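Colleague: This one is entry-v1.cif, mmCIF, C-alpha atoms; chains and numbers go by the auth columns.
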data_query
#
loop_
_atom_site.group_PDB
_atom_site.id
_atom_site.type_symbol
_atom_site.label_atom_id
_atom_site.label_comp_id
_atom_site.label_asym_id
_atom_site.label_seq_id
_atom_site.Cartn_x
_atom_site.Cartn_y
_atom_site.Cartn_z
_atom_site.B_iso_or_equiv
_atom_site.auth_seq_id
_atom_site.auth_asym_id
ATOM 1 C CA MET A 1 0.000 0.000 0.000 0.00 1 A
ATOM 2 C CA LYS A 2 2.834 2.376 0.907 0.00 2 A
ATOM 3 C CA THR A 3 4.667 1.516 -2.314 0.00 3 A
ATOM 4 C CA ALA A 4 1.584 2.253 -4.432 0.00 4 A
ATOM 5 C CA SER A 5 1.031 5.536 -2.607 0.00 5 A
ATOM 6 C CA LEU A 6 4.673 6.509 -3.126 0.00 6 A
ATOM 7 C CA MET A 7 4.492 5.681 -6.826 0.00 7 A
ATOM 8 C CA ASP A 8 1.316 7.766 -7.187 0.00 8 A
ATOM 9 C CA ALA A 9 3.018 10.717 -5.498 0.00 9 A
ATOM 10 C CA ARG A 10 6.032 10.451 -7.800 0.00 10 A
ATOM 11 C CA TRP A 11 3.829 10.205 -10.884 0.00 11 A
ATOM 12 C CA GLU A 12 1.844 13.271 -9.796 0.00 12 A
ATOM 13 C CA LEU A 13 5.103 15.144 -9.279 0.00 13 A
ATOM 14 C CA VAL A 14 6.323 14.306 -12.781 0.00 14 A
ATOM 15 C CA ARG A 15 2.932 14.994 -14.391 0.00 15 A
ATOM 16 C CA ALA A 16 2.685 18.458 -12.821 0.00 16 A
ATOM 17 C CA SER A 17 6.150 19.396 -14.063 0.00 17 A
ATOM 18 C CA VAL A 18 5.677 18.328 -17.703 0.00 18 A
ATOM 19 C CA ALA A 19 3.897 21.433 -19.078 0.00 19 A
ATOM 20 C CA PRO A 20 6.182 24.017 -17.365 0.00 20 A
ATOM 21 C CA LEU A 21 9.331 22.136 -18.386 0.00 21 A
ATOM 22 C CA LEU A 22 8.036 21.762 -21.930 0.00 22 A
ATOM 23 C CA LEU A 23 7.293 25.500 -22.162 0.00 23 A
ATOM 24 C CA SER A 24 10.759 26.378 -20.848 0.00 24 A
ATOM 25 C CA SER A 25 12.419 23.919 -23.221 0.00 25 A
ATOM 26 C CA THR A 26 10.440 25.300 -26.173 0.00 26 A
ATOM 27 C CA LEU A 27 11.546 28.871 -25.433 0.00 27 A
ATOM 28 C CA LEU A 28 15.171 27.798 -25.047 0.00 28 A
ATOM 29 C CA ALA A 29 15.037 25.774 -28.264 0.00 29 A
ATOM 30 C CA ALA A 30 13.434 28.663 -30.177 0.00 30 A
ATOM 31 C CA GLY A 31 16.088 31.041 -28.870 0.00 31 A
ATOM 32 C CA CYS A 32 18.885 28.671 -29.838 0.00 32 A
ATOM 33 C CA MET A 33 17.546 28.259 -33.375 0.00 33 A
ATOM 34 C CA LEU A 34 17.149 32.019 -33.806 0.00 34 A
ATOM 35 C CA GLY A 35 20.642 32.679 -32.443 0.00 35 A
ATOM 36 C CA LEU A 36 22.234 30.063 -34.686 0.00 36 A
ATOM 37 C CA ARG A 37 20.425 31.561 -37.679 0.00 37 A
ATOM 38 C CA LEU A 38 21.660 35.051 -36.816 0.00 38 A
ATOM 39 C CA GLY A 39 25.174 33.676 -36.389 0.00 39 A
ATOM 40 C CA ARG A 40 25.457 32.020 -39.784 0.00 40 A
ATOM 41 C CA GLY A 41 28.945 32.552 -41.185 0.00 41 A
ATOM 42 C CA ARG A 42 30.407 33.386 -37.783 0.00 42 A
ATOM 43 C CA GLY A 43 32.708 31.312 -35.569 0.00 43 A
ATOM 44 C CA PRO A 44 31.379 28.629 -33.194 0.00 44 A
ATOM 45 C CA VAL A 45 31.888 30.781 -30.093 0.00 45 A
ATOM 46 C CA ASP A 46 29.875 33.697 -31.455 0.00 46 A
ATOM 47 C CA ARG A 47 27.134 31.352 -32.677 0.00 47 A
ATOM 48 C CA ALA A 48 26.915 29.770 -29.216 0.00 48 A
ATOM 49 C CA VAL A 49 26.796 33.201 -27.565 0.00 49 A
ATOM 50 C CA LEU A 50 24.037 34.343 -29.942 0.00 50 A
ATOM 51 C CA ALA A 51 22.047 31.181 -29.232 0.00 51 A
ATOM 52 C CA TRP A 52 22.316 31.904 -25.512 0.00 52 A
ATOM 53 C CA LEU A 53 21.433 35.595 -25.906 0.00 53 A
ATOM 54 C CA CYS A 54 18.279 34.901 -27.904 0.00 54 A
ATOM 55 C CA SER A 55 17.172 32.289 -25.366 0.00 55 A
ATOM 56 C CA ASP A 56 18.032 34.655 -22.528 0.00 56 A
ATOM 57 C CA ALA A 57 16.003 37.492 -24.054 0.00 57 A
ATOM 58 C CA LEU A 58 12.986 35.229 -24.635 0.00 58 A
ATOM 59 C CA VAL A 59 13.040 34.009 -21.040 0.00 59 A
ATOM 60 C CA HIS A 60 13.350 37.556 -19.686 0.00 60 A
ATOM 61 C CA PHE A 61 10.593 39.045 -21.844 0.00 61 A
ATOM 62 C CA VAL A 62 8.146 36.128 -22.057 0.00 62 A
ATOM 63 C CA LEU A 63 8.417 34.273 -18.749 0.00 63 A
ATOM 64 C CA GLU A 64 9.755 36.905 -16.369 0.00 64 A
ATOM 65 C CA GLY A 65 7.943 39.768 -18.101 0.00 65 A
ATOM 66 C CA VAL A 66 4.603 38.044 -17.574 0.00 66 A
ATOM 67 C CA PHE A 67 5.583 37.266 -13.972 0.00 67 A
ATOM 68 C CA VAL A 68 6.212 40.967 -13.319 0.00 68 A
ATOM 69 C CA CYS A 69 2.858 41.915 -14.863 0.00 69 A
ATOM 70 C CA LEU A 70 0.996 39.278 -12.842 0.00 70 A
ATOM 71 C CA SER A 71 2.735 40.389 -9.647 0.00 71 A
ATOM 72 C CA LEU A 72 2.021 44.074 -10.187 0.00 72 A
ATOM 73 C CA MET A 73 -1.646 43.455 -11.009 0.00 73 A
ATOM 74 C CA GLY A 74 -2.197 40.827 -8.294 0.00 74 A
ATOM 75 C CA THR A 75 -0.340 37.614 -7.523 0.00 75 A
ATOM 76 C CA VAL A 76 0.644 34.494 -9.407 0.00 76 A
ATOM 77 C CA ALA A 77 -1.508 32.508 -6.987 0.00 77 A
ATOM 78 C CA ASP A 78 -4.639 34.324 -8.186 0.00 78 A
ATOM 79 C CA SER A 79 -3.746 34.149 -11.890 0.00 79 A
ATOM 80 C CA GLU A 80 -4.626 31.652 -14.606 0.00 80 A
ATOM 81 C CA GLY A 81 -2.932 30.666 -17.834 0.00 81 A
ATOM 82 C CA LEU A 82 0.023 28.666 -19.079 0.00 82 A
ATOM 83 C CA ILE A 83 2.764 30.973 -17.840 0.00 83 A
ATOM 84 C CA ALA A 84 1.003 31.462 -14.496 0.00 84 A
ATOM 85 C CA SER A 85 0.909 27.675 -14.140 0.00 85 A
ATOM 86 C CA LEU A 86 4.653 27.566 -14.823 0.00 86 A
ATOM 87 C CA TRP A 87 5.335 29.986 -11.978 0.00 87 A
ATOM 88 C CA LYS A 88 2.916 28.129 -9.715 0.00 88 A
ATOM 89 C CA GLU A 89 4.904 24.977 -10.384 0.00 89 A
ATOM 90 C CA TYR A 90 8.227 26.737 -9.747 0.00 90 A
ATOM 91 C CA SER A 91 6.822 28.221 -6.521 0.00 91 A
ATOM 92 C CA LYS A 92 6.693 24.694 -5.121 0.00 92 A
ATOM 93 C CA ALA A 93 10.465 25.073 -4.842 0.00 93 A
ATOM 94 C CA ASP A 94 10.469 28.781 -3.910 0.00 94 A
ATOM 95 C CA VAL A 95 7.181 30.074 -2.520 0.00 95 A
ATOM 96 C CA ARG A 96 8.218 33.730 -2.909 0.00 96 A
ATOM 97 C CA TRP A 97 7.213 33.539 -6.568 0.00 97 A
ATOM 98 C CA LEU A 98 3.636 32.614 -5.702 0.00 98 A
ATOM 99 C CA TYR A 99 2.814 35.704 -3.663 0.00 99 A
ATOM 100 C CA PHE A 100 4.047 39.286 -3.909 0.00 100 A
ATOM 101 C CA ASP A 101 7.614 39.374 -2.588 0.00 101 A
ATOM 102 C CA PRO A 102 9.079 42.919 -2.900 0.00 102 A
ATOM 103 C CA THR A 103 12.667 41.721 -3.329 0.00 103 A
ATOM 104 C CA ILE A 104 11.824 39.185 -6.027 0.00 104 A
ATOM 105 C CA VAL A 105 9.560 41.555 -7.942 0.00 105 A
ATOM 106 C CA SER A 106 12.121 44.381 -7.728 0.00 106 A
ATOM 107 C CA VAL A 107 14.892 42.146 -9.056 0.00 107 A
ATOM 108 C CA GLU A 108 12.641 40.825 -11.816 0.00 108 A
ATOM 109 C CA ILE A 109 11.653 44.326 -12.974 0.00 109 A
ATOM 110 C CA LEU A 110 15.364 45.131 -13.323 0.00 110 A
ATOM 111 C CA THR A 111 15.996 41.789 -15.025 0.00 111 A
ATOM 112 C CA VAL A 112 13.225 42.194 -17.593 0.00 112 A
ATOM 113 C CA VAL A 113 13.920 45.818 -18.460 0.00 113 A
ATOM 114 C CA LEU A 114 17.714 45.992 -18.203 0.00 114 A
ATOM 115 C CA ASP A 115 18.923 42.442 -18.875 0.00 115 A
ATOM 116 C CA GLY A 116 16.383 41.804 -21.614 0.00 116 A
ATOM 117 C CA PHE A 117 17.333 44.902 -23.605 0.00 117 A
ATOM 118 C CA LEU A 118 21.058 44.415 -22.963 0.00 118 A
ATOM 119 C CA ALA A 119 20.731 40.925 -24.463 0.00 119 A
ATOM 120 C CA LEU A 120 19.174 42.467 -27.587 0.00 120 A
ATOM 121 C CA ILE A 121 21.849 45.161 -27.808 0.00 121 A
ATOM 122 C CA LEU A 122 24.603 42.571 -27.399 0.00 122 A
ATOM 123 C CA THR A 123 23.047 40.432 -30.114 0.00 123 A
ATOM 124 C CA TYR A 124 23.120 43.449 -32.428 0.00 124 A
ATOM 125 C CA ALA A 125 26.712 44.264 -31.448 0.00 125 A
ATOM 126 C CA ILE A 126 27.902 40.727 -32.262 0.00 126 A
ATOM 127 C CA VAL A 127 26.047 40.467 -35.576 0.00 127 A
ATOM 128 C CA LYS A 128 27.201 43.924 -36.708 0.00 128 A
ATOM 129 C CA GLU A 129 30.702 43.552 -35.163 0.00 129 A
ATOM 130 C CA LYS A 130 30.415 46.724 -33.104 0.00 130 A
ATOM 131 C CA HIS A 131 33.290 48.018 -30.999 0.00 131 A
ATOM 132 C CA PHE A 132 31.163 48.131 -27.825 0.00 132 A
ATOM 133 C CA ARG A 133 30.452 44.374 -27.888 0.00 133 A
ATOM 134 C CA HIS A 134 32.536 43.416 -24.845 0.00 134 A
ATOM 135 C CA PHE A 135 31.463 46.442 -22.802 0.00 135 A
ATOM 136 C CA ILE A 136 27.832 45.334 -23.201 0.00 136 A
ATOM 137 C CA GLN A 137 28.735 41.684 -22.660 0.00 137 A
ATOM 138 C CA ILE A 138 30.472 42.438 -19.357 0.00 138 A
ATOM 139 C CA THR A 139 27.624 44.714 -18.241 0.00 139 A
ATOM 140 C CA LEU A 140 24.987 42.092 -19.040 0.00 140 A
ATOM 141 C CA CYS A 141 26.892 39.320 -17.263 0.00 141 A
ATOM 142 C CA VAL A 142 27.367 41.403 -14.125 0.00 142 A
ATOM 143 C CA CYS A 143 23.637 42.255 -14.139 0.00 143 A
ATOM 144 C CA GLU A 144 22.703 38.571 -14.525 0.00 144 A
ATOM 145 C CA LEU A 145 24.994 37.553 -11.645 0.00 145 A
ATOM 146 C CA TYR A 146 23.694 40.407 -9.493 0.00 146 A
ATOM 147 C CA GLY A 147 20.125 39.250 -10.118 0.00 147 A
ATOM 148 C CA CYS A 148 20.944 35.715 -8.998 0.00 148 A
ATOM 149 C CA TRP A 149 22.773 36.996 -5.930 0.00 149 A
ATOM 150 C CA MET A 150 19.904 39.237 -4.843 0.00 150 A
ATOM 151 C CA THR A 151 17.397 36.460 -5.468 0.00 151 A
ATOM 152 C CA PHE A 152 19.066 34.001 -3.122 0.00 152 A
ATOM 153 C CA CYS A 153 21.364 35.879 -0.728 0.00 153 A
ATOM 154 C CA PRO A 154 18.518 37.403 1.376 0.00 154 A
ATOM 155 C CA GLU A 155 16.986 33.934 1.568 0.00 155 A
ATOM 156 C CA TRP A 156 20.245 32.305 2.695 0.00 156 A
ATOM 157 C CA LEU A 157 20.773 34.980 5.353 0.00 157 A
ATOM 158 C CA THR A 158 17.350 34.239 6.856 0.00 158 A
ATOM 159 C CA GLY A 159 17.743 30.455 6.884 0.00 159 A
ATOM 160 C CA ASN A 160 15.923 29.563 3.613 0.00 160 A
ATOM 161 C CA PRO A 161 12.374 29.754 5.032 0.00 161 A
ATOM 162 C CA ASN A 162 10.812 29.893 1.559 0.00 162 A
ATOM 163 C CA LEU A 163 12.853 27.231 -0.234 0.00 163 A
ATOM 164 C CA ASN A 164 11.690 23.626 -0.509 0.00 164 A
ATOM 165 C CA THR A 165 14.719 21.353 -0.890 0.00 165 A
ATOM 166 C CA SER A 166 13.037 18.166 0.309 0.00 166 A
ATOM 167 C CA ASN A 167 12.424 16.889 -3.213 0.00 167 A
ATOM 168 C CA TRP A 168 15.050 16.124 -5.887 0.00 168 A
ATOM 169 C CA LEU A 169 13.030 17.823 -8.652 0.00 169 A
ATOM 170 C CA TYR A 170 12.576 21.057 -6.723 0.00 170 A
ATOM 171 C CA LEU A 171 16.165 21.152 -5.474 0.00 171 A
ATOM 172 C CA TRP A 172 18.251 19.944 -8.426 0.00 172 A
ATOM 173 C CA VAL A 173 16.100 20.920 -11.412 0.00 173 A
ATOM 174 C CA TYR A 174 14.141 24.015 -10.348 0.00 174 A
ATOM 175 C CA LEU A 175 16.589 25.650 -7.925 0.00 175 A
ATOM 176 C CA VAL A 176 20.059 24.409 -8.888 0.00 176 A
ATOM 177 C CA PHE A 177 19.814 23.807 -12.641 0.00 177 A
ATOM 178 C CA PHE A 178 17.537 26.624 -13.784 0.00 178 A
ATOM 179 C CA ASN A 179 19.284 29.214 -11.633 0.00 179 A
ATOM 180 C CA GLY A 180 22.750 27.737 -12.050 0.00 180 A
ATOM 181 C CA VAL A 181 22.583 28.223 -15.819 0.00 181 A
ATOM 182 C CA TRP A 182 22.310 31.994 -15.232 0.00 182 A
ATOM 183 C CA VAL A 183 25.451 31.845 -13.098 0.00 183 A
ATOM 184 C CA LEU A 184 27.560 29.473 -15.196 0.00 184 A
ATOM 185 C CA ILE A 185 27.034 31.037 -18.635 0.00 185 A
ATOM 186 C CA PRO A 186 27.490 34.693 -17.551 0.00 186 A
ATOM 187 C CA GLY A 187 30.634 33.543 -15.725 0.00 187 A
ATOM 188 C CA LEU A 188 31.955 31.916 -18.898 0.00 188 A
ATOM 189 C CA LEU A 189 31.100 35.010 -20.946 0.00 189 A
ATOM 190 C CA LEU A 190 32.964 37.232 -18.482 0.00 190 A
ATOM 191 C CA TRP A 191 35.995 35.003 -18.925 0.00 191 A
ATOM 192 C CA HIS A 192 35.531 35.159 -22.714 0.00 192 A
ATOM 193 C CA SER A 193 35.485 38.969 -22.613 0.00 193 A
ATOM 194 C CA TRP A 194 38.601 38.970 -20.439 0.00 194 A
ATOM 195 C CA VAL A 195 40.462 36.770 -22.952 0.00 195 A
ATOM 196 C CA GLU A 196 39.327 38.803 -25.974 0.00 196 A
ATOM 197 C CA LEU A 197 40.144 42.174 -24.374 0.00 197 A
ATOM 198 C CA LYS A 198 43.550 40.867 -23.308 0.00 198 A
ATOM 199 C CA LYS A 199 44.163 39.687 -26.883 0.00 199 A
ATOM 200 C CA MET A 200 43.143 43.080 -28.297 0.00 200 A
ATOM 201 C CA HIS A 201 45.419 44.846 -25.813 0.00 201 A
ATOM 202 C CA HIS A 202 48.418 42.736 -26.841 0.00 202 A
ATOM 203 C CA GLN A 203 47.643 43.296 -30.525 0.00 203 A
ATOM 204 C CA GLY A 204 47.459 47.048 -29.942 0.00 204 A
ATOM 205 C CA THR A 205 50.696 47.010 -27.937 0.00 205 A
ATOM 206 C CA ASP A 206 52.528 44.985 -30.613 0.00 206 A
ATOM 207 C CA LEU A 207 51.288 47.357 -33.321 0.00 207 A
ATOM 208 C CA GLU A 208 52.480 50.358 -31.351 0.00 208 A
ATOM 209 C CA LYS A 209 55.915 48.781 -30.886 0.00 209 A
ATOM 210 C CA LYS A 210 56.212 48.106 -34.628 0.00 210 A
ATOM 211 C CA ARG A 211 55.499 51.743 -35.368 0.00 211 A
ATOM 212 C CA TRP A 212 58.464 52.716 -33.262 0.00 212 A
#
Would you kindly transcribe this structure into structure tokens?
Modeller:
Amino acid sequence: MKTASLMDARWELVRASVAPLLLSSTLLAAGCMLGLRLGRGRGPVDRAVLAWLCSDALVHFVLEGVFVCLSLMGTVADSEGLIASLWKEYSKADVRWLYFDPTIVSVEILTVVLDGFLALILTYAIVKEKHFRHFIQITLCVCELYGCWMTFCPEWLTGNPNLNTSNWLYLWVYLVFFNGVWVLIPGLLLWHSWVELKKMHHQGTDLEKKRW
């Protein structure tokens, strides 16, 4: 009897997560395809960065943009619709997203407006080979990392009262994976900018020496 009950609970857990995970995967896939199309003829690194940027912009504008609107007009808990259901599912791991949390909503407003448009500007800068590419790339990455820090640091300092880490799906998929991606990739892009700026500096220095 206990085994059957446990299996039912696990099946319900998986069933509830299917639609939100499918929506997230669809947005990421659409962003990747758009980025790869924009990056045709460019090197593999730039194509990968463009794929990430398009996915990043879609997530900020579509998922987080709707979250901000729902939170400013009411709460996710009182809302209906596909994207509302996604945030209701995610709130099983972090309940702050279900009801109006001033810190979360403030960070998300900044994320949607600033990070979303910076992702678009950076996409343009890469495609058009603009000189300000790495300035925007560094700025965007710092903003992304700041958003993650401000999302979780206040929670850690108060003992994680709103986080549910009792379930592998909520802990490793919702909290670690989906948030970790926005730490890992901006970190890698910061390193990429560091390498490219260092390379440009050496090239400029060598050119200056040759002139003399």
Colleague: On this structure, the PyMOL selection byres ((chain A and resi 180-192) around 9) would catch which residues? List them as a list in words, sorted by chain and number.
Modeller: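 After applying the PyMOL selection byres ((chain A and resi 180-192) around 9), what remains is Val49, Trp52, Asp56, His134, Gln137, Ile138, Leu140, Cys141, Val142, Glu144, Leu145, Cys148, Leu175, Val176, Phe177, Phe178, Asn179, Ser193, Trp194, Val195, Glu196 and Leu197 of chain A.
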Colleague: Spell out the residues picked by the PyMOL selection byres ((chain A and resi 70) around 12) here, as a PDB file with C-alpha atoms, keeping the file's coordinate frame.
Modeller:
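Output saved as selection_34.pdb:
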ATOM      1  CA  LEU A  63       8.417  34.273 -18.749  1.00  0.00           C
ATOM      2  CA  GLU A  64       9.755  36.905 -16.369  1.00  0.00           C
ATOM      3  CA  GLY A  65       7.943  39.768 -18.101  1.00  0.00           C
ATOM      4  CA  VAL A  66       4.603  38.044 -17.574  1.00  0.00           C
ATOM      5  CA  PHE A  67       5.583  37.266 -13.972  1.00  0.00           C
ATOM      6  CA  VAL A  68       6.212  40.967 -13.319  1.00  0.00           C
ATOM      7  CA  CYS A  69       2.858  41.915 -14.863  1.00  0.00           C
ATOM      8  CA  SER A  71       2.735  40.389  -9.647  1.00  0.00           C
ATOM      9  CA  LEU A  72       2.021  44.074 -10.187  1.00  0.00           C
ATOM     10  CA  MET A  73      -1.646  43.455 -11.009  1.00  0.00           C
ATOM     11  CA  GLY A  74      -2.197  40.827  -8.294  1.00  0.00           C
ATOM     12  CA  THR A  75      -0.340  37.614  -7.523  1.00  0.00           C
ATOM     13  CA  VAL A  76       0.644  34.494  -9.407  1.00  0.00           C
ATOM     14  CA  ALA A  77      -1.508  32.508  -6.987  1.00  0.00           C
ATOM     15  CA  ASP A  78      -4.639  34.324  -8.186  1.00  0.00           C
ATOM     16  CA  SER A  79      -3.746  34.149 -11.890  1.00  0.00           C
ATOM     17  CA  GLU A  80      -4.626  31.652 -14.606  1.00  0.00           C
ATOM     18  CA  GLY A  81      -2.932  30.666 -17.834  1.00  0.00           C
ATOM     19  CA  ILE A  83       2.764  30.973 -17.840  1.00  0.00           C
ATOM     20  CA  ALA A  84       1.003  31.462 -14.496  1.00  0.00           C
ATOM     21  CA  SER A  85       0.909  27.675 -14.140  1.00  0.00           C
ATOM     22  CA  TRP A  87       5.335  29.986 -11.978  1.00  0.00           C
ATOM     23  CA  LYS A  88       2.916  28.129  -9.715  1.00  0.00           C
ATOM     24  CA  TRP A  97       7.213  33.539  -6.568  1.00  0.00           C
ATOM     25  CA  LEU A  98       3.636  32.614  -5.702  1.00  0.00           C
ATOM     26  CA  TYR A  99       2.814  35.704  -3.663  1.00  0.00           C
ATOM     27  CA  PHE A 100       4.047  39.286  -3.909  1.00  0.00           C
ATOM     28  CA  VAL A 105       9.560  41.555  -7.942  1.00  0.00           C
ATOM     29  CA  GLU A 108      12.641  40.825 -11.816  1.00  0.00           C
ATOM     30  CA  ILE A 109      11.653  44.326 -12.974  1.00  0.00           C
TER      31      ILE A 109
END
Colleague: Find the residue from A:Ser55, A:Thr151, A:Ser25, A:Thr123 that sits nearest to Ile104 in chain A; use only C-alpha atoms when measuring.
Modeller: A:Thr151
Colleague: I need every residue sitting at most 12 Å from the point (20.9, 44.2, -21.4) (coordinates as in the file, only C-alpha atoms considered), written as a PyMOL selection string.
Modeller: chain A and resi 53-54+56-57+60-61+110-125+133+135-144
Colleague: Take the residues from that selection and write them out as a short mmCIF file (atom, residue, chain, number, x, y, z; two decimals), in the frame of the given file, keeping C-alpha atoms.
Modeller:
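File written: part-v4.cif
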data_model
loop_
_atom_site.label_atom_id
_atom_site.label_comp_id
_atom_site.auth_asym_id
_atom_site.auth_seq_id
_atom_site.Cartn_x
_atom_site.Cartn_y
_atom_site.Cartn_z
CA LEU A 53 21.43 35.60 -25.91
CA CYS A 54 18.28 34.90 -27.90
CA ASP A 56 18.03 34.66 -22.53
CA ALA A 57 16.00 37.49 -24.05
CA HIS A 60 13.35 37.56 -19.69
CA PHE A 61 10.59 39.04 -21.84
CA LEU A 110 15.36 45.13 -13.32
CA THR A 111 16.00 41.79 -15.02
CA VAL A 112 13.22 42.19 -17.59
CA VAL A 113 13.92 45.82 -18.46
CA LEU A 114 17.71 45.99 -18.20
CA ASP A 115 18.92 42.44 -18.88
CA GLY A 116 16.38 41.80 -21.61
CA PHE A 117 17.33 44.90 -23.60
CA LEU A 118 21.06 44.42 -22.96
CA ALA A 119 20.73 40.92 -24.46
CA LEU A 120 19.17 42.47 -27.59
CA ILE A 121 21.85 45.16 -27.81
CA LEU A 122 24.60 42.57 -27.40
CA THR A 123 23.05 40.43 -30.11
CA TYR A 124 23.12 43.45 -32.43
CA ALA A 125 26.71 44.26 -31.45
CA ARG A 133 30.45 44.37 -27.89
CA PHE A 135 31.46 46.44 -22.80
CA ILE A 136 27.83 45.33 -23.20
CA GLN A 137 28.74 41.68 -22.66
CA ILE A 138 30.47 42.44 -19.36
CA THR A 139 27.62 44.71 -18.24
CA LEU A 140 24.99 42.09 -19.04
CA CYS A 141 26.89 39.32 -17.26
CA VAL A 142 27.37 41.40 -14.12
CA CYS A 143 23.64 42.26 -14.14
CA GLU A 144 22.70 38.57 -14.52
#
Colleague: Taking only C-alpha atoms into account, name the residue in A:Ala51, A:Ala93, A:Leu21, A:Ser106 that is nearest to Gly35 in chain A.
Modeller: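 Looking only at the distances to Gly35 in chain A, the closest residue turns out to be A:Ala51.
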Colleague: When you draw a straight line from CA of Ala30 in chain A to CA of Leu58 in chain A, how long is it in Å?
Modeller: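 Result for CA of Ala30 in chain A versus CA of Leu58 in chain A: 8.6 Å, one decimal.
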Colleague: For CA of Pro20 in chain A and CA of Tyr174 in chain A, quote the distance in Å rounded to one decimal.
Modeller: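 These atoms are spaced 10.6 Å apart.
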Colleague: How many Å lie between CA of Leu22 in chain A and CA of Glu89 in chain A, rounded to one decimal?
Modeller: 12.4 Å
Colleague: Counting all atoms listed in the file, figure out which residue out of A:Val18, A:Met33, A:Gly147, A:Ala48 gets nearest to Thr103 in chain A.
Modeller: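 So, comparing all the options, the nearest one is A:Gly147.
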Colleague: From the set A:Leu28, A:Leu171, A:Ala19, A:Ile126, which residue has the shortest atom-to-atom contact distance to Leu50 in chain A, counting only C-alpha atoms?
Modeller: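 Nearest candidate to Leu50 in chain A out of A:Leu28, A:Leu171, A:Ala19, A:Ile126: A:Ile126.
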Colleague: Hey, can I get the axis-aligned box for range 133-143 of chain A? All listed atoms, 4 Å padding on each side, centre and edge lengths in Å to one decimal, as JSON.
Modeller:
{"center_x": 28.1, "center_y": 42.9, "center_z": -21.0, "size_x": 16.9, "size_y": 15.1, "size_z": 21.8}
Colleague: I'd like to know which of A:Val127, A:Val62, A:Val45, A:Leu82 is closest to Leu27 in chain A, using all atoms listed in the file.
Modeller: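 Among A:Val127, A:Val62, A:Val45, A:Leu82, it is A:Val62 that comes nearest to Leu27 in chain A.
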